[in-house]
Amino acid sequence: MGNCASSQVASETRSSTITSRAIDKLIQEERDNAIAELKILLLGTGDSGKTTVLKQLRLLYGNGFAPEEILEFRSVLLQNVLTCSKSLLSAMNTLQIPFGFDPKNVVHPPPSLLGKPALSIAKLRSSKSNMSLNHSLGCLPGAQPTGSKSSLRPKPNAETPIAEAARNEYAIAGGLNQKGRIVDCAEKVKALKTRYGFGKEDFISPEIAEAMKTIWQDSGIQYCFMRRNEFNLQENCQYLMENLTRICAADFVPTEVDIVNARLMTQTVSKTIIQFEGETYSIFDVGGQKSQRKKWAPFFSDVKAVIFVVALSSYDQVCVEDTSLNRITDALNVFNVMINLPSFSNIDFIVKKLAANSLISDHFPTYTGPNSYEEGSEFFVHEFAKLNRNRKRDIIFHLTFATDGKLLQPVMDAVFIAVMKTNLKAAGLI
């Protein structure tokens with residue numbers, strides 16, 4: 001009996017040891033998997049620049065773009081050129097600006113109306129462009145952030161004496177029935193139809209390209225472009241028009257800079273694998289338009305960090321889907337909800353803010369500082385930071401310029417290192 005009992009105890013001990021070792025092995029495997037899988041969500045509202053950030057990540061840390069993808073971007077850029085040209089022509093009639101209109105010829109306009117002071121892009125390219133501000137923040141869903149619909153009191157250029165002079169000259173020139181060389185060029189561009197976009201072998205003819213170039217050089221179009229916050233115009237318009245001849249050429253092959261500046265609405269979910277210092281990061285990009293946000297939820301599990309991209313250049317613009325809603329306000333509202341989701345209670349947020357250009361106080365009346373890069377940036381950081389209620393969560397703000405890889409790389413290096421350290425800490429290894 002004694003030997004039997006002793007044998008049974010020994011057997012149970014061996015079984016417990018095996019079970020314990022198996023559990024330890026599973027725990028270690030889970031830790032190893034947690035370390036190996038670093039999942040990052042790249043989020044932002046429509047036209048925030050997050051896909052531009054993703055393209056830069058592929059160029060900086062990945063293998064770039066395959067020849068087939070480069071050809072696809074060629075088609076995208078051609079469509080961008082045509083879209084921008086037609087948007088400007090349409091806005092000329094909407095804003096009632098005649099071709100050839102020059103605001104400098106308006107008698108005694110107030111100097112400030114000839115060109116709004118802008119946040120300095122030059123300063124953005126200085127050492128302060130890589131400034132990061134650490135904040136602990138969170139918020140409650142449904143909170144109404146500063147700068148919401150009700151608090152916006154925009155002062156559009158349509159109310160200025162120059163805009164009034166433009167409307168008068170537009171009527172005198174014949175409005176929709178204007179005549180002249182620029183009008184002929186405009187008709188050529190409007191006549192170009194691309195029902196299914198441009199094919200990989202397509203190009204814009206030299207005649208149409210020259211017409212687009214002539215239109216872009218018109219002083220009335222330039223004044224219209226200055227008022228681009230009053231209508232929807234792709235952010236890459238100026239870049240495209242300044243590279244028009246090259247992009248429209250039959251033998252055009254996009255450069256890396258061209259690809260970064262190409263604009264294509266994200267309508268699917270893409271996964272990009274990035275290698276950094278021996279670690280693998282899976283970055284998911286999902287569409288930021290309102291119709292696309294329902295696709296975000298399935299990707300919230302097992303996320304190590306969220307990069308939330310905000311374009312400061314949009315604080316004087318409205319959403320494509322809702323022309324009564326300021327784009328920064330939309331970003332604040334979405335951020336306010338996202339940061340409070342239970343599934344994100346322990347997730348770090350990195351908020352990337354891109355370059356800005358316009359008077360802040362025209363659209364956010366609570367801002368009373370000078371219209372400079374430093375003060376303006378701090379204001380918008382505060383607008384996001386004041387939504388905080390979860391003081392234990394770290395939010396890192398990075399001010400950068402997404403189309404400039406040299407400025408973006410040190411910012412992303414810092415992001416990846418922060419995610420890696422957070423993940424190691426969560427796995428109990430540091």
# chains A, B, ... in the order shown; residues from 1 in each chain; ligands from 1
$ residues_around --residues "stretch 407-422 of chain A" --least-positions-apart "5" --cutoff "7 Å" --atoms "only C-alpha atoms" --output "number ranges by chain"
A: 130, 304-305, 398, 400-402
$ write_last_selection --atoms "all heavy atoms" --output "short mmCIF file (atom, residue, chain, number, x, y, z; two decimals), in the first residue's frame"
data_model
loop_
_atom_site.label_atom_id
_atom_site.label_comp_id
_atom_site.auth_asym_id
_atom_site.auth_seq_id
_atom_site.Cartn_x
_atom_site.Cartn_y
_atom_site.Cartn_z
N ASN A 130 11.37 68.68 -36.20
CA ASN A 130 11.37 67.37 -35.58
C ASN A 130 11.03 67.44 -34.10
O ASN A 130 11.27 66.51 -33.35
CB ASN A 130 12.74 66.71 -35.77
CG ASN A 130 13.00 66.40 -37.22
OD1 ASN A 130 12.09 66.04 -37.94
ND2 ASN A 130 14.22 66.55 -37.66
N LYS A 304 -0.49 47.61 -31.06
CA LYS A 304 0.53 48.09 -30.14
C LYS A 304 0.58 49.61 -30.07
O LYS A 304 0.97 50.19 -29.06
CB LYS A 304 1.91 47.56 -30.57
CG LYS A 304 1.98 46.05 -30.72
CD LYS A 304 1.59 45.34 -29.44
CE LYS A 304 1.63 43.82 -29.62
NZ LYS A 304 1.17 43.11 -28.42
N ALA A 305 0.19 50.25 -31.15
CA ALA A 305 0.19 51.72 -31.18
C ALA A 305 -0.70 52.20 -32.31
O ALA A 305 -0.96 51.47 -33.27
CB ALA A 305 1.59 52.28 -31.33
N HIS A 398 4.20 64.71 -32.85
CA HIS A 398 5.34 64.99 -33.72
C HIS A 398 4.91 66.01 -34.77
O HIS A 398 3.87 65.83 -35.42
CB HIS A 398 5.83 63.73 -34.42
CG HIS A 398 6.52 62.76 -33.51
ND1 HIS A 398 7.78 62.97 -33.03
CD2 HIS A 398 6.11 61.58 -33.00
CE1 HIS A 398 8.14 61.95 -32.26
NE2 HIS A 398 7.14 61.10 -32.21
N THR A 400 5.84 67.47 -38.31
CA THR A 400 6.72 67.08 -39.40
C THR A 400 6.11 67.49 -40.74
O THR A 400 5.08 68.16 -40.79
CB THR A 400 6.98 65.56 -39.37
OG1 THR A 400 7.97 65.23 -40.34
CG2 THR A 400 5.70 64.78 -39.64
N PHE A 401 6.76 67.11 -41.81
CA PHE A 401 6.31 67.43 -43.17
C PHE A 401 6.34 66.13 -43.96
O PHE A 401 7.41 65.63 -44.30
CB PHE A 401 7.24 68.48 -43.78
CG PHE A 401 6.67 69.20 -44.97
CD1 PHE A 401 5.70 70.16 -44.80
CD2 PHE A 401 7.12 68.92 -46.25
CE1 PHE A 401 5.16 70.83 -45.90
CE2 PHE A 401 6.59 69.59 -47.34
CZ PHE A 401 5.62 70.54 -47.17
N ALA A 402 5.18 65.56 -44.23
CA ALA A 402 5.09 64.18 -44.72
C ALA A 402 5.75 63.96 -46.07
O ALA A 402 6.20 62.85 -46.36
CB ALA A 402 3.63 63.76 -44.78
#
$ closest_atom_pairs --of "stretch 223-313 of chain A" --to "stretch 57-70 of chain A" --cutoff "8 Å" --atoms "only C-alpha atoms" --output "Markdown table"
| residue | atom | partner | partner_atom | distance |
| --- | --- | --- | --- | --- |
| A:Val253 | CA | A:Ile70 | CA | 7.4 |
| A:Pro254 | CA | A:Ile70 | CA | 6.4 |
| A:Glu256 | CA | A:Leu59 | CA | 7.8 |
| A:Ile259 | CA | A:Ile70 | CA | 7.6 |
| A:Thr272 | CA | A:Arg58 | CA | 7.6 |
| A:Ile273 | CA | A:Gly62 | CA | 7.4 |
| A:Ile274 | CA | A:Gly62 | CA | 5.8 |
| A:Gln275 | CA | A:Tyr61 | CA | 6.3 |
| A:Phe276 | CA | A:Tyr61 | CA | 7.0 |
$ write_last_selection --atoms "N, CA and C atoms" --output "PDB file, in the first residue's frame"
ATOM      1  N   VAL A 253       8.116  58.488 -66.363  1.00  0.00           N
ATOM      2  CA  VAL A 253       8.221  57.449 -65.339  1.00  0.00           C
ATOM      3  C   VAL A 253       8.313  58.161 -63.987  1.00  0.00           C
ATOM      4  N   PRO A 254       7.372  57.950 -63.101  1.00  0.00           N
ATOM      5  CA  PRO A 254       7.364  58.668 -61.823  1.00  0.00           C
ATOM      6  C   PRO A 254       8.618  58.430 -60.989  1.00  0.00           C
ATOM      7  N   GLU A 256      10.486  58.898 -57.067  1.00  0.00           N
ATOM      8  CA  GLU A 256      10.008  58.679 -55.704  1.00  0.00           C
ATOM      9  C   GLU A 256       9.254  59.898 -55.185  1.00  0.00           C
ATOM     10  N   ILE A 259       5.784  59.911 -56.639  1.00  0.00           N
ATOM     11  CA  ILE A 259       4.930  58.915 -55.984  1.00  0.00           C
ATOM     12  C   ILE A 259       4.430  59.432 -54.641  1.00  0.00           C
ATOM     13  N   THR A 272       1.343  46.975 -44.632  1.00  0.00           N
ATOM     14  CA  THR A 272       2.724  47.208 -45.041  1.00  0.00           C
ATOM     15  C   THR A 272       3.664  46.680 -43.965  1.00  0.00           C
ATOM     16  N   ILE A 273       4.635  45.874 -44.366  1.00  0.00           N
ATOM     17  CA  ILE A 273       5.608  45.313 -43.444  1.00  0.00           C
ATOM     18  C   ILE A 273       6.866  46.179 -43.446  1.00  0.00           C
ATOM     19  N   ILE A 274       7.260  46.640 -42.265  1.00  0.00           N
ATOM     20  CA  ILE A 274       8.434  47.491 -42.122  1.00  0.00           C
ATOM     21  C   ILE A 274       9.445  46.797 -41.198  1.00  0.00           C
ATOM     22  N   GLN A 275      10.703  46.793 -41.593  1.00  0.00           N
ATOM     23  CA  GLN A 275      11.778  46.256 -40.756  1.00  0.00           C
ATOM     24  C   GLN A 275      12.570  47.414 -40.163  1.00  0.00           C
ATOM     25  N   PHE A 276      12.731  47.378 -38.841  1.00  0.00           N
ATOM     26  CA  PHE A 276      13.495  48.436 -38.171  1.00  0.00           C
ATOM     27  C   PHE A 276      14.260  47.831 -36.999  1.00  0.00           C
TER      28      PHE A 276
END
$ atom_distance --atom1 "atom CA of A:Ile396" --atom2 "atom CA of A:Glu378"
13.3 Å
$ residues_around --residues "A:Asp285" --least-positions-apart "2" --cutoff "8 Å" --atoms "only C-alpha atoms" --output "list in words"
Leu41, Leu42, Leu43, Lys50, Thr51, Leu54, Val269, Ser270, Lys271, Ile283 and Gly287 of chain A
$ write_last_selection --atoms "all heavy atoms" --output "tab-separated table (two decimals), in the first residue's frame"
chain	number	residue	atom	x	y	z
A	41	LEU	N	-1.67	50.77	-36.19
A	41	LEU	CA	-2.73	51.31	-37.04
A	41	LEU	C	-2.38	52.72	-37.47
A	41	LEU	O	-1.97	53.54	-36.65
A	41	LEU	CB	-4.07	51.33	-36.29
A	41	LEU	CG	-4.86	50.03	-36.17
A	41	LEU	CD1	-6.20	50.31	-35.51
A	41	LEU	CD2	-5.07	49.38	-37.52
A	42	LEU	N	-2.53	53.00	-38.74
A	42	LEU	CA	-2.32	54.34	-39.28
A	42	LEU	C	-3.69	54.92	-39.58
A	42	LEU	O	-4.36	54.51	-40.53
A	42	LEU	CB	-1.46	54.25	-40.55
A	42	LEU	CG	-0.99	55.56	-41.17
A	42	LEU	CD1	-0.11	56.34	-40.20
A	42	LEU	CD2	-0.22	55.29	-42.46
A	43	LEU	N	-4.12	55.85	-38.73
A	43	LEU	CA	-5.47	56.40	-38.85
A	43	LEU	C	-5.44	57.90	-39.07
A	43	LEU	O	-4.45	58.57	-38.80
A	43	LEU	CB	-6.29	56.09	-37.59
A	43	LEU	CG	-6.49	54.61	-37.23
A	43	LEU	CD1	-7.31	54.50	-35.95
A	43	LEU	CD2	-7.18	53.85	-38.36
A	50	LYS	N	-2.13	60.53	-44.30
A	50	LYS	CA	-1.62	59.29	-43.73
A	50	LYS	C	-1.09	58.34	-44.80
A	50	LYS	O	-0.09	57.64	-44.57
A	50	LYS	CB	-2.68	58.61	-42.88
A	50	LYS	CG	-3.94	58.24	-43.60
A	50	LYS	CD	-4.99	57.70	-42.64
A	50	LYS	CE	-6.26	57.36	-43.39
A	50	LYS	NZ	-6.06	56.37	-44.44
A	51	THR	N	-1.72	58.31	-45.96
A	51	THR	CA	-1.22	57.44	-47.02
A	51	THR	C	0.11	57.96	-47.56
A	51	THR	O	0.97	57.18	-47.98
A	51	THR	CB	-2.25	57.34	-48.17
A	51	THR	OG1	-3.50	56.88	-47.63
A	51	THR	CG2	-1.80	56.36	-49.23
A	54	LEU	N	2.56	56.58	-45.24
A	54	LEU	CA	2.79	55.17	-45.52
A	54	LEU	C	3.72	54.97	-46.71
A	54	LEU	O	4.61	54.11	-46.68
A	54	LEU	CB	1.45	54.47	-45.78
A	54	LEU	CG	1.52	52.96	-45.97
A	54	LEU	CD1	1.99	52.29	-44.68
A	54	LEU	CD2	0.18	52.39	-46.39
A	269	VAL	N	-8.17	48.30	-47.28
A	269	VAL	CA	-7.24	48.21	-46.16
A	269	VAL	C	-5.93	47.62	-46.68
A	269	VAL	O	-5.93	46.58	-47.32
A	269	VAL	CB	-7.82	47.32	-45.04
A	269	VAL	CG1	-6.82	47.18	-43.91
A	269	VAL	CG2	-9.13	47.89	-44.54
A	270	SER	N	-4.85	48.32	-46.42
A	270	SER	CA	-3.55	47.83	-46.87
A	270	SER	C	-2.66	47.51	-45.68
A	270	SER	O	-2.73	48.17	-44.64
A	270	SER	CB	-2.85	48.87	-47.76
A	270	SER	OG	-2.50	50.01	-47.02
A	271	LYS	N	-1.83	46.49	-45.84
A	271	LYS	CA	-0.88	46.09	-44.80
A	271	LYS	C	0.52	46.25	-45.35
A	271	LYS	O	0.86	45.72	-46.41
A	271	LYS	CB	-1.14	44.64	-44.38
A	271	LYS	CG	-0.16	44.12	-43.34
A	271	LYS	CD	-0.46	42.67	-42.98
A	271	LYS	CE	0.53	42.12	-41.96
A	271	LYS	NZ	0.23	40.70	-41.62
A	283	ILE	N	2.01	47.59	-40.44
A	283	ILE	CA	1.28	48.86	-40.41
A	283	ILE	C	0.05	48.76	-41.31
A	283	ILE	O	0.15	48.45	-42.49
A	283	ILE	CB	2.18	50.02	-40.86
A	283	ILE	CG1	3.42	50.08	-39.96
A	283	ILE	CG2	1.42	51.34	-40.82
A	283	ILE	CD1	4.41	51.15	-40.33
A	287	GLY	N	-9.04	53.65	-44.94
A	287	GLY	CA	-9.57	54.91	-45.44
A	287	GLY	C	-10.05	55.84	-44.34
A	287	GLY	O	-10.61	55.39	-43.33
$ closest_residue --among "A:Ile360, A:Ile182, A:Ile221, A:Ala166" --to "A:Ser313" --atoms "only C-alpha atoms"
A:Ile360
$ atom_distance --atom1 "atom CA of A:Gly46" --atom2 "atom CA of A:Thr268"
13.4 Å
$ residues_around --residues "A:Asp218" --least-positions-apart "3" --cutoff "8 Å" --atoms "only C-alpha atoms" --output "ChimeraX atom specification"
/A:99-100,182,214-215,221-222
$ residues_around --residues "A:Ala171" --least-positions-apart "4" --cutoff "8 Å" --atoms "only C-alpha atoms" --output "list in words"
Gln96, Arg167 and Gly175 of chain A
$ closest_residue --among "A:Pro98, A:Val337, A:Glu235, A:Arg228" --to "A:Gln178" --atoms "only C-alpha atoms"
A:Pro98
$ atom_distance --atom1 "atom CA of A:Asp362" --atom2 "atom CA of A:Ile162"
17.4 Å
$ closest_residue --among "A:Val318, A:Val260, A:Phe308, A:Met265" --to "A:Phe284" --atoms "only C-alpha atoms"
A:Phe308
$ residues_around --residues "A:Glu169" --least-positions-apart "3" --cutoff "8 Å" --atoms "only C-alpha atoms" --output "PDB file with N, CA, C and O atoms, in the first residue's frame"
ATOM      1  N   ILE A  97     -14.604  84.551 -60.753  1.00  0.00           N
ATOM      2  CA  ILE A  97     -13.310  85.178 -61.019  1.00  0.00           C
ATOM      3  C   ILE A  97     -13.061  85.108 -62.515  1.00  0.00           C
ATOM      4  O   ILE A  97     -13.067  84.022 -63.103  1.00  0.00           O
ATOM      5  N   PRO A  98     -12.829  86.222 -63.169  1.00  0.00           N
ATOM      6  CA  PRO A  98     -12.589  86.194 -64.615  1.00  0.00           C
ATOM      7  C   PRO A  98     -11.139  85.826 -64.922  1.00  0.00           C
ATOM      8  O   PRO A  98     -10.231  86.062 -64.111  1.00  0.00           O
ATOM      9  N   PHE A 101      -7.778  88.179 -64.240  1.00  0.00           N
ATOM     10  CA  PHE A 101      -7.956  89.047 -63.073  1.00  0.00           C
ATOM     11  C   PHE A 101      -6.686  89.056 -62.231  1.00  0.00           C
ATOM     12  O   PHE A 101      -6.113  88.019 -61.922  1.00  0.00           O
ATOM     13  N   ALA A 165     -14.383  92.974 -56.330  1.00  0.00           N
ATOM     14  CA  ALA A 165     -13.867  93.497 -57.601  1.00  0.00           C
ATOM     15  C   ALA A 165     -13.812  92.380 -58.646  1.00  0.00           C
ATOM     16  O   ALA A 165     -14.118  92.596 -59.829  1.00  0.00           O
ATOM     17  N   ALA A 166     -13.427  91.171 -58.206  1.00  0.00           N
ATOM     18  CA  ALA A 166     -13.366  90.035 -59.122  1.00  0.00           C
ATOM     19  C   ALA A 166     -14.755  89.707 -59.667  1.00  0.00           C
ATOM     20  O   ALA A 166     -14.919  89.454 -60.874  1.00  0.00           O
ATOM     21  N   ILE A 172     -18.622  91.791 -66.108  1.00  0.00           N
ATOM     22  CA  ILE A 172     -18.295  92.632 -67.268  1.00  0.00           C
ATOM     23  C   ILE A 172     -17.698  91.805 -68.400  1.00  0.00           C
ATOM     24  O   ILE A 172     -17.969  92.026 -69.584  1.00  0.00           O
ATOM     25  N   ALA A 173     -16.862  90.809 -68.008  1.00  0.00           N
ATOM     26  CA  ALA A 173     -16.192  89.972 -69.006  1.00  0.00           C
ATOM     27  C   ALA A 173     -17.126  88.971 -69.669  1.00  0.00           C
ATOM     28  O   ALA A 173     -16.762  88.332 -70.665  1.00  0.00           O
TER      29      ALA A 173
END
$ closest_atom_pairs --of "stretch 231-284 of chain A" --to "stretch 196-211 of chain A" --cutoff "10 Å" --atoms "only C-alpha atoms" --output "tab-separated table"
residue	atom	partner	partner_atom	distance
A:Met241	CA	A:Ala209	CA	9.9
A:Leu244	CA	A:Ala209	CA	7.0
A:Thr245	CA	A:Ala209	CA	6.6
A:Arg246	CA	A:Ala209	CA	9.7
A:Ile247	CA	A:Phe203	CA	8.6
A:Cys248	CA	A:Ile204	CA	5.1
A:Ala249	CA	A:Phe203	CA	6.6
A:Ala250	CA	A:Phe203	CA	5.4
A:Asp251	CA	A:Phe203	CA	8.5
A:Phe252	CA	A:Phe203	CA	8.4
$ decode --residues "stretch 228-246 of chain A" --atoms "N, CA, C and O atoms" --output "PDB file, in the first residue's frame"
ATOM      1  N   ARG A 228      -8.088  78.653 -52.459  1.00  0.00           N
ATOM      2  CA  ARG A 228      -8.389  77.225 -52.563  1.00  0.00           C
ATOM      3  C   ARG A 228      -9.070  76.644 -51.324  1.00  0.00           C
ATOM      4  O   ARG A 228      -9.642  75.553 -51.398  1.00  0.00           O
ATOM      5  N   ASN A 229      -9.011  77.347 -50.196  1.00  0.00           N
ATOM      6  CA  ASN A 229      -9.698  76.834 -49.009  1.00  0.00           C
ATOM      7  C   ASN A 229     -11.225  76.951 -49.146  1.00  0.00           C
ATOM      8  O   ASN A 229     -11.965  76.387 -48.345  1.00  0.00           O
ATOM      9  N   GLU A 230     -11.697  77.664 -50.191  1.00  0.00           N
ATOM     10  CA  GLU A 230     -13.137  77.841 -50.393  1.00  0.00           C
ATOM     11  C   GLU A 230     -13.751  76.782 -51.302  1.00  0.00           C
ATOM     12  O   GLU A 230     -14.953  76.785 -51.552  1.00  0.00           O
ATOM     13  N   PHE A 231     -12.909  75.891 -51.817  1.00  0.00           N
ATOM     14  CA  PHE A 231     -13.424  74.790 -52.632  1.00  0.00           C
ATOM     15  C   PHE A 231     -12.481  73.602 -52.477  1.00  0.00           C
ATOM     16  O   PHE A 231     -11.385  73.731 -51.917  1.00  0.00           O
ATOM     17  N   ASN A 232     -12.904  72.454 -52.934  1.00  0.00           N
ATOM     18  CA  ASN A 232     -12.084  71.247 -52.799  1.00  0.00           C
ATOM     19  C   ASN A 232     -11.049  71.162 -53.914  1.00  0.00           C
ATOM     20  O   ASN A 232     -11.397  71.075 -55.093  1.00  0.00           O
ATOM     21  N   LEU A 233      -9.804  71.201 -53.514  1.00  0.00           N
ATOM     22  CA  LEU A 233      -8.696  71.112 -54.455  1.00  0.00           C
ATOM     23  C   LEU A 233      -7.627  70.231 -53.835  1.00  0.00           C
ATOM     24  O   LEU A 233      -7.276  70.392 -52.663  1.00  0.00           O
ATOM     25  N   GLN A 234      -7.113  69.298 -54.613  1.00  0.00           N
ATOM     26  CA  GLN A 234      -6.096  68.390 -54.102  1.00  0.00           C
ATOM     27  C   GLN A 234      -4.862  69.155 -53.635  1.00  0.00           C
ATOM     28  O   GLN A 234      -4.433  70.119 -54.276  1.00  0.00           O
ATOM     29  N   GLU A 235      -4.285  68.682 -52.520  1.00  0.00           N
ATOM     30  CA  GLU A 235      -3.137  69.359 -51.929  1.00  0.00           C
ATOM     31  C   GLU A 235      -1.908  69.353 -52.832  1.00  0.00           C
ATOM     32  O   GLU A 235      -1.010  70.163 -52.672  1.00  0.00           O
ATOM     33  N   ASN A 236      -1.872  68.426 -53.776  1.00  0.00           N
ATOM     34  CA  ASN A 236      -0.689  68.317 -54.639  1.00  0.00           C
ATOM     35  C   ASN A 236      -0.780  69.176 -55.890  1.00  0.00           C
ATOM     36  O   ASN A 236       0.054  69.063 -56.796  1.00  0.00           O
ATOM     37  N   CYS A 237      -1.782  70.044 -55.968  1.00  0.00           N
ATOM     38  CA  CYS A 237      -2.033  70.818 -57.190  1.00  0.00           C
ATOM     39  C   CYS A 237      -0.809  71.609 -57.648  1.00  0.00           C
ATOM     40  O   CYS A 237      -0.402  71.530 -58.806  1.00  0.00           O
ATOM     41  N   GLN A 238      -0.225  72.384 -56.742  1.00  0.00           N
ATOM     42  CA  GLN A 238       0.902  73.216 -57.141  1.00  0.00           C
ATOM     43  C   GLN A 238       2.078  72.373 -57.631  1.00  0.00           C
ATOM     44  O   GLN A 238       2.722  72.707 -58.631  1.00  0.00           O
ATOM     45  N   TYR A 239       2.348  71.277 -56.941  1.00  0.00           N
ATOM     46  CA  TYR A 239       3.446  70.393 -57.354  1.00  0.00           C
ATOM     47  C   TYR A 239       3.199  69.861 -58.764  1.00  0.00           C
ATOM     48  O   TYR A 239       4.099  69.854 -59.610  1.00  0.00           O
ATOM     49  N   LEU A 240       1.971  69.435 -59.033  1.00  0.00           N
ATOM     50  CA  LEU A 240       1.643  68.883 -60.342  1.00  0.00           C
ATOM     51  C   LEU A 240       1.793  69.922 -61.439  1.00  0.00           C
ATOM     52  O   LEU A 240       2.357  69.639 -62.508  1.00  0.00           O
ATOM     53  N   MET A 241       1.282  71.118 -61.177  1.00  0.00           N
ATOM     54  CA  MET A 241       1.323  72.158 -62.206  1.00  0.00           C
ATOM     55  C   MET A 241       2.750  72.634 -62.484  1.00  0.00           C
ATOM     56  O   MET A 241       3.075  73.001 -63.615  1.00  0.00           O
ATOM     57  N   GLU A 242       3.584  72.596 -61.474  1.00  0.00           N
ATOM     58  CA  GLU A 242       4.975  73.003 -61.674  1.00  0.00           C
ATOM     59  C   GLU A 242       5.790  71.921 -62.383  1.00  0.00           C
ATOM     60  O   GLU A 242       6.904  72.180 -62.832  1.00  0.00           O
ATOM     61  N   ASN A 243       5.259  70.716 -62.453  1.00  0.00           N
ATOM     62  CA  ASN A 243       5.932  69.604 -63.136  1.00  0.00           C
ATOM     63  C   ASN A 243       5.095  69.062 -64.287  1.00  0.00           C
ATOM     64  O   ASN A 243       5.240  67.913 -64.693  1.00  0.00           O
ATOM     65  N   LEU A 244       4.233  69.928 -64.809  1.00  0.00           N
ATOM     66  CA  LEU A 244       3.227  69.534 -65.797  1.00  0.00           C
ATOM     67  C   LEU A 244       3.835  68.920 -67.056  1.00  0.00           C
ATOM     68  O   LEU A 244       3.425  67.835 -67.492  1.00  0.00           O
ATOM     69  N   THR A 245       4.808  69.593 -67.648  1.00  0.00           N
ATOM     70  CA  THR A 245       5.388  69.128 -68.911  1.00  0.00           C
ATOM     71  C   THR A 245       5.992  67.740 -68.755  1.00  0.00           C
ATOM     72  O   THR A 245       5.794  66.858 -69.607  1.00  0.00           O
ATOM     73  N   ARG A 246       6.703  67.511 -67.668  1.00  0.00           N
ATOM     74  CA  ARG A 246       7.352  66.223 -67.435  1.00  0.00           C
ATOM     75  C   ARG A 246       6.326  65.122 -67.181  1.00  0.00           C
ATOM     76  O   ARG A 246       6.435  64.018 -67.723  1.00  0.00           O
TER      77      ARG A 246
END
